[in-house]
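Novice: I have a structure I would like to understand better, so I am pasting it below and will then ask my questions one at a time.
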Amino acid sequence: MGAFKGNALSFDEVLDSLETVPSSPGEAHRQRIDRLREHHRVLSELIVSTNRDIARIVAKVGSVESPEACELLARLRSLQEQRASIDAQIENGLKALQSLQRRLSSVPRESGKVGGLVKVRHPNRDFFLADLFEYAMKDDGASMEAPIFTLSTKPDLSIWEWRSKDGSKYVKVAPSVLGRATQHDKDILIYVISQLVEGLNRGREDAKNRTVRFTVYDFLVTTNRQTSGQGYRLLHEAFERLAGTRITTDIKTGGMRVKEGFGIIDRWKIVEKSPTDDRMIAVEVTLSEWLYNAVQAFEVLTIHPDYFRLRKPLARRLYELARKHCGHQTQWTISLALLQEKAGSKSSIREFRRAVRTIQNDDCLPEYRFVLKDDDQVIFYVRDMKHLARGLSQRFENDG
């Protein structure tokens, strides 16, 4: 057998792995759109990676005129052109699907609650620029690594301290009187970071600003939240917790360390309200310098849109850790005790084991599965069986 070169799948292999027999013309349209979205996510990840490499070269030599930088810039333009073509194909595919639905007077597909996933709340939404984020959402590496957000669904008023196993990273998180920011509150950061990264990928000058303005409705729909009054009230509370939670850390972002304590977000404000019911229409959020540095250095990872369908905070945290540590590998093994520490769980090891087994049985994590073994080792591995087989083949060849 020849040597396996890398773990990355080609786009054709991604399509093959997603292929199922369509049950109707509408399902065939949806399958094609899903495949295009997956291609878009792959291209988005490559664009971020290329931008990250360019940023490193500029930081090192102070110019984009070097041969290596010029080569990367040419690659970046090619990737952006490919993604623009996919954008157009997705838009055309969605128009065709909506037209077919109107002709057939069919009921839009809506997933019910399955295992650890909530239903898709907005299955028949309009797809314009903001909707690119549904399949190109970004999470920052620093907060994926450290357990900054509480897993509790009740107000968490305790001070949380965490240090990495090798002692090189430290985080202290102090809540406000409203409690520590929750794992679900992090949706706001993911949405804002995604907008900034997308703007940087497209070369927009306004993306070089820590303050982002967005419409609340677009945020609620993109993150699969309720658009009722309850959804707006919960968002208001999340803003308050994010601004009130203070962080002290020695973790560098963008090669820089923020030495003073800071809020997860510096500030937020309502810039437009509904004239009839005083509901938020548009808001502005200013990221902390710590998070902003990570965005500018493209220290981010693309996450799956079904992250926002995960009901349990722990399930979301486990997905983050799998995405962070698996990367382009096919599997990652960690002890249950260390996983509990990285997850930021305050429960007993017995209760944590039970919660992990429940999520394992739900089998709800996007992109990854995991198994908790009898010796308390947890093995995460990619769902894509072709990717997994190729990775294992490479591992066996290297060991041989």
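Order determines the names: the first chain of the structure tokens is A, the second B, and so forth; residues in each chain are numbered 1 upward, and ligands are numbered 1 upward as they are shown.
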What's around Leu336 in chain A at 7 Å? Count only C-alpha atoms, leave out sequence neighbours fewer than 3 positions away in its own chain, and write the answer as a list in words.
Specialist: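 Everything that qualifies: Leu339, Gln340, Asp376, Gln377 and Val378 of chain A.
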Novice: Mind checking which residues fall within 8 Å of Ala69 in chain A, counting only C-alpha atoms, ignoring those fewer than 3 positions away in the same chain, and posting them as an MDAnalysis selection string?
Specialist: chainID A and resid 54 57:58 64:66 72:73
Novice: When you draw a straight line from CA of Ser78 in chain A to CA of Val192 in chain A, how long is it in Å?
Specialist: 25.9 Å
Novice: Of the candidates A:Ala294, A:Ala337, A:Leu310, A:Ala174, which shows the shortest atom-to-atom distance to Met256 in chain A, using only C-alpha atoms?
Specialist: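 The answer is A:Ala294, which sits nearest to Met256 in chain A.
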Novice: Mind pulling up the distance from CA of Val212 in chain A to CA of Arg317 in chain A?
Specialist: 25.1 Å
Novice: Can you pull out the residues contacting Arg77 in chain A? Cut-off 12 Å, using only C-alpha atoms, and skip same-chain residues under 4 positions away; I want them as a ChimeraX atom specification.
Specialist: /A:43,46-47,50-51,70-73,81-84,201-203
Novice: Any idea what's packed within 9 Å of Lys169 in chain A, counting only C-alpha atoms, ignoring anything in its chain fewer than 3 positions away? Could you give it as a list in words?
Specialist: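 Listed by chain and then number, they are Ala146, Trp162, Arg163, Ser164, Lys165, Asp166, Thr249, Asp250, Ile251 and Lys252 of chain A.
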Novice: Just C-alpha atoms for this one: save the residues we selected as a short mmCIF file (atom, residue, chain, number, x, y, z; two decimals), in the first residue's frame.
Specialist:
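In the end it all went to selection-v7.cif:
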```cif
data_model
loop_
_atom_site.label_atom_id
_atom_site.label_comp_id
_atom_site.auth_asym_id
_atom_site.auth_seq_id
_atom_site.Cartn_x
_atom_site.Cartn_y
_atom_site.Cartn_z
CA ALA A 146 -10.14 27.11 28.66
CA TRP A 162 -8.33 26.82 35.91
CA ARG A 163 -4.74 25.93 35.07
CA SER A 164 -3.66 23.68 32.21
CA LYS A 165 -2.04 20.36 33.06
CA ASP A 166 1.43 21.59 32.08
CA THR A 249 -5.54 35.16 32.31
CA ASP A 250 -2.00 34.64 31.07
CA ILE A 251 -3.20 33.05 27.80
CA LYS A 252 -1.89 35.02 24.83
#
```
Novice: If we count only C-alpha atoms, what is near Pro313 in chain A at a cut-off of 7 Å, once residues fewer than 2 positions away on the same chain are taken out, given as a short mmCIF file (atom, residue, chain, number, x, y, z; two decimals) with C-alpha atoms, in the first residue's frame?
Specialist:
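File result-v5.cif, as written:
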```cif
data_model
loop_
_atom_site.label_atom_id
_atom_site.label_comp_id
_atom_site.auth_asym_id
_atom_site.auth_seq_id
_atom_site.Cartn_x
_atom_site.Cartn_y
_atom_site.Cartn_z
CA LEU A 151 -22.13 24.63 32.46
CA GLN A 183 -22.16 28.14 27.67
CA HIS A 184 -25.33 29.25 25.85
CA ARG A 311 -29.55 21.28 24.22
CA ALA A 315 -22.70 18.54 25.02
CA ARG A 316 -21.71 21.91 23.55
CA ARG A 317 -18.53 21.94 25.60
#
```
Novice: Just checking: using only C-alpha atoms, which residue out of A:Asp156, A:Lys324, A:Arg32, A:Ala282 ends up closest to Tyr217 in chain A?
Specialist: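 Among the listed residues, the smallest separation from Tyr217 in chain A belongs to A:Ala282.
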Novice: Work out how far apart CA of Phe149 in chain A and CA of Asn224 in chain A are and give it in Å to one decimal.
Specialist: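 If I compute the distance from CA of Phe149 in chain A to CA of Asn224 in chain A, I get 19.6 Å.
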Novice: Set the distance at 7 Å and use only C-alpha atoms: which residues neighbour His304 in chain A once local chain neighbours fewer than 2 positions away are removed? I'd like the list as a ChimeraX atom specification.
Specialist: /A:135,302,306-307,366
Novice: So that I can check the surroundings of Tyr368 in chain A, please list as a PDB file with C-alpha atoms, in the first residue's frame every protein, DNA and RNA residue that reaches within 12 Å of it, counting only C-alpha atoms and ignoring chain neighbours fewer than 4 positions away.
Specialist:
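out-v2.pdb was written with the following content:
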```
ATOM      1  CA  ILE A 303     -17.794  24.926  13.844  1.00  0.00           C
ATOM      2  CA  HIS A 304     -20.815  22.996  12.624  1.00  0.00           C
ATOM      3  CA  ASP A 306     -25.807  22.004  14.525  1.00  0.00           C
ATOM      4  CA  TYR A 307     -23.773  23.213  17.505  1.00  0.00           C
ATOM      5  CA  ALA A 315     -22.702  18.540  25.015  1.00  0.00           C
ATOM      6  CA  ARG A 316     -21.713  21.911  23.546  1.00  0.00           C
ATOM      7  CA  LEU A 318     -17.625  18.387  24.562  1.00  0.00           C
ATOM      8  CA  TYR A 319     -18.095  19.329  20.914  1.00  0.00           C
ATOM      9  CA  GLU A 320     -15.818  22.351  21.378  1.00  0.00           C
ATOM     10  CA  LEU A 321     -13.113  20.210  22.930  1.00  0.00           C
ATOM     11  CA  ALA A 322     -13.386  17.577  20.212  1.00  0.00           C
ATOM     12  CA  ARG A 323     -13.199  20.259  17.513  1.00  0.00           C
ATOM     13  CA  LYS A 324     -10.233  21.915  19.214  1.00  0.00           C
ATOM     14  CA  HIS A 325      -8.188  18.784  19.898  1.00  0.00           C
ATOM     15  CA  CYS A 326      -9.107  16.517  17.000  1.00  0.00           C
ATOM     16  CA  GLY A 327      -8.520  19.225  14.416  1.00  0.00           C
ATOM     17  CA  HIS A 328      -7.677  17.422  11.174  1.00  0.00           C
ATOM     18  CA  GLN A 329      -6.839  14.220  13.043  1.00  0.00           C
ATOM     19  CA  THR A 330      -9.271  11.345  13.110  1.00  0.00           C
ATOM     20  CA  GLN A 331      -9.385  10.683  16.854  1.00  0.00           C
ATOM     21  CA  TRP A 332      -8.388  12.023  20.269  1.00  0.00           C
ATOM     22  CA  ILE A 359     -24.537  12.277  25.802  1.00  0.00           C
ATOM     23  CA  GLN A 360     -22.717   9.283  24.333  1.00  0.00           C
ATOM     24  CA  ASP A 363     -25.034  10.394  19.843  1.00  0.00           C
ATOM     25  CA  CYS A 364     -25.807  14.038  19.078  1.00  0.00           C
ATOM     26  CA  ILE A 379     -12.043   8.365  22.736  1.00  0.00           C
ATOM     27  CA  PHE A 380     -13.411  10.980  20.338  1.00  0.00           C
ATOM     28  CA  TYR A 381     -13.394  10.167  16.627  1.00  0.00           C
ATOM     29  CA  VAL A 382     -14.738  11.721  13.437  1.00  0.00           C
ATOM     30  CA  ARG A 383     -18.132  10.661  12.130  1.00  0.00           C
ATOM     31  CA  ASP A 384     -16.986  10.590   8.510  1.00  0.00           C
ATOM     32  CA  MET A 385     -16.134   6.906   8.111  1.00  0.00           C
ATOM     33  CA  HIS A 387     -11.967  10.087   6.836  1.00  0.00           C
ATOM     34  CA  LEU A 388     -11.651   7.785   9.849  1.00  0.00           C
TER      35      LEU A 388
END
```
Novice: Could you give me, as a PyMOL selection string, each residue of range 257-380 of chain A that DSSP assigns to alpha helix (DSSP H) when run on this structure's backbone?
Specialist: chain A and resi 289-296+313-326+336-343+349-362
Novice: Got time to write the residues from that selection, N, CA and C atoms, as a compact mmCIF listing (two decimals), in the first residue's frame?
Specialist:
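Listing of selection29.txt after writing:
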```txt
# COMPACT_ATOMS: atom_id res chain seq x y z
N GLU A 289 -10.50 43.18 24.25
CA GLU A 289 -9.25 43.21 23.47
C GLU A 289 -8.67 41.80 23.34
N TRP A 290 -8.83 40.99 24.36
CA TRP A 290 -8.32 39.62 24.37
C TRP A 290 -8.93 38.80 23.24
N LEU A 291 -10.25 38.85 23.12
CA LEU A 291 -10.92 38.10 22.05
C LEU A 291 -10.65 38.72 20.69
N TYR A 292 -10.61 40.03 20.64
CA TYR A 292 -10.36 40.73 19.37
C TYR A 292 -8.98 40.36 18.81
N ASN A 293 -7.98 40.25 19.67
CA ASN A 293 -6.65 39.85 19.22
C ASN A 293 -6.67 38.47 18.57
N ALA A 294 -7.47 37.57 19.14
CA ALA A 294 -7.58 36.22 18.57
C ALA A 294 -8.20 36.27 17.18
N VAL A 295 -9.21 37.13 17.01
CA VAL A 295 -9.87 37.26 15.70
C VAL A 295 -8.90 37.82 14.68
N GLN A 296 -8.18 38.88 15.03
CA GLN A 296 -7.26 39.51 14.10
C GLN A 296 -6.14 38.56 13.67
N PRO A 313 -25.55 22.13 27.91
CA PRO A 313 -24.28 22.87 27.93
C PRO A 313 -23.06 21.95 27.86
N LEU A 314 -23.11 20.81 28.54
CA LEU A 314 -21.97 19.89 28.50
C LEU A 314 -21.76 19.33 27.10
N ALA A 315 -22.84 19.05 26.39
CA ALA A 315 -22.70 18.54 25.02
C ALA A 315 -22.01 19.58 24.14
N ARG A 316 -22.36 20.84 24.31
CA ARG A 316 -21.71 21.91 23.55
C ARG A 316 -20.22 21.99 23.89
N ARG A 317 -19.93 21.86 25.17
CA ARG A 317 -18.53 21.94 25.60
C ARG A 317 -17.73 20.75 25.07
N LEU A 318 -18.32 19.56 25.08
CA LEU A 318 -17.63 18.39 24.56
C LEU A 318 -17.36 18.53 23.07
N TYR A 319 -18.33 19.10 22.35
CA TYR A 319 -18.09 19.33 20.91
C TYR A 319 -16.94 20.29 20.71
N GLU A 320 -16.91 21.38 21.49
CA GLU A 320 -15.82 22.35 21.38
C GLU A 320 -14.46 21.69 21.59
N LEU A 321 -14.38 20.86 22.62
CA LEU A 321 -13.11 20.21 22.93
C LEU A 321 -12.71 19.23 21.83
N ALA A 322 -13.69 18.50 21.31
CA ALA A 322 -13.39 17.58 20.21
C ALA A 322 -12.91 18.35 18.99
N ARG A 323 -13.58 19.45 18.69
CA ARG A 323 -13.20 20.26 17.51
C ARG A 323 -11.81 20.87 17.71
N LYS A 324 -11.53 21.29 18.91
CA LYS A 324 -10.23 21.92 19.21
C LYS A 324 -9.09 20.91 19.15
N HIS A 325 -9.29 19.72 19.72
CA HIS A 325 -8.19 18.78 19.90
C HIS A 325 -8.09 17.74 18.78
N CYS A 326 -9.20 17.43 18.14
CA CYS A 326 -9.11 16.52 17.00
C CYS A 326 -8.53 17.24 15.79
N LEU A 336 -11.10 10.52 31.62
CA LEU A 336 -12.35 11.15 32.06
C LEU A 336 -12.07 12.28 33.04
N ALA A 337 -11.10 12.09 33.95
CA ALA A 337 -10.79 13.12 34.94
C ALA A 337 -10.27 14.39 34.28
N LEU A 338 -9.39 14.24 33.29
CA LEU A 338 -8.86 15.41 32.59
C LEU A 338 -9.94 16.06 31.73
N LEU A 339 -10.81 15.24 31.15
CA LEU A 339 -11.92 15.78 30.36
C LEU A 339 -12.83 16.62 31.24
N GLN A 340 -13.10 16.15 32.46
CA GLN A 340 -13.93 16.92 33.39
C GLN A 340 -13.29 18.26 33.70
N GLU A 341 -11.97 18.26 33.88
CA GLU A 341 -11.26 19.50 34.16
C GLU A 341 -11.33 20.46 32.99
N LYS A 342 -11.09 19.96 31.78
CA LYS A 342 -11.14 20.80 30.58
C LYS A 342 -12.56 21.29 30.31
N ALA A 343 -13.55 20.47 30.63
CA ALA A 343 -14.94 20.88 30.41
C ALA A 343 -15.39 21.95 31.40
N ILE A 349 -17.03 13.10 40.05
CA ILE A 349 -16.60 12.29 38.91
C ILE A 349 -17.67 11.26 38.57
N ARG A 350 -18.38 10.78 39.55
CA ARG A 350 -19.46 9.82 39.30
C ARG A 350 -20.59 10.46 38.49
N GLU A 351 -20.99 11.66 38.90
CA GLU A 351 -22.06 12.35 38.19
C GLU A 351 -21.60 12.77 36.79
N PHE A 352 -20.36 13.18 36.68
CA PHE A 352 -19.82 13.56 35.36
C PHE A 352 -19.79 12.34 34.43
N ARG A 353 -19.41 11.21 34.96
CA ARG A 353 -19.38 9.98 34.15
C ARG A 353 -20.79 9.66 33.64
N ARG A 354 -21.78 9.80 34.51
CA ARG A 354 -23.16 9.53 34.10
C ARG A 354 -23.60 10.50 33.01
N ALA A 355 -23.27 11.79 33.16
CA ALA A 355 -23.67 12.79 32.17
C ALA A 355 -23.00 12.53 30.82
N VAL A 356 -21.73 12.14 30.86
CA VAL A 356 -21.02 11.85 29.61
C VAL A 356 -21.62 10.63 28.93
N ARG A 357 -21.98 9.61 29.69
CA ARG A 357 -22.59 8.42 29.09
C ARG A 357 -23.94 8.75 28.46
N THR A 358 -24.68 9.64 29.09
CA THR A 358 -25.98 10.04 28.53
C THR A 358 -25.79 10.71 27.17
N ILE A 359 -24.81 11.60 27.08
CA ILE A 359 -24.54 12.28 25.80
C ILE A 359 -24.00 11.28 24.78
N GLN A 360 -23.19 10.33 25.24
CA GLN A 360 -22.72 9.28 24.33
C GLN A 360 -23.90 8.51 23.75
N ASN A 361 -24.87 8.17 24.58
CA ASN A 361 -26.04 7.44 24.11
C ASN A 361 -26.92 8.28 23.19
N ASP A 362 -26.98 9.59 23.46
CA ASP A 362 -27.74 10.48 22.57
C ASP A 362 -27.10 10.53 21.18
```
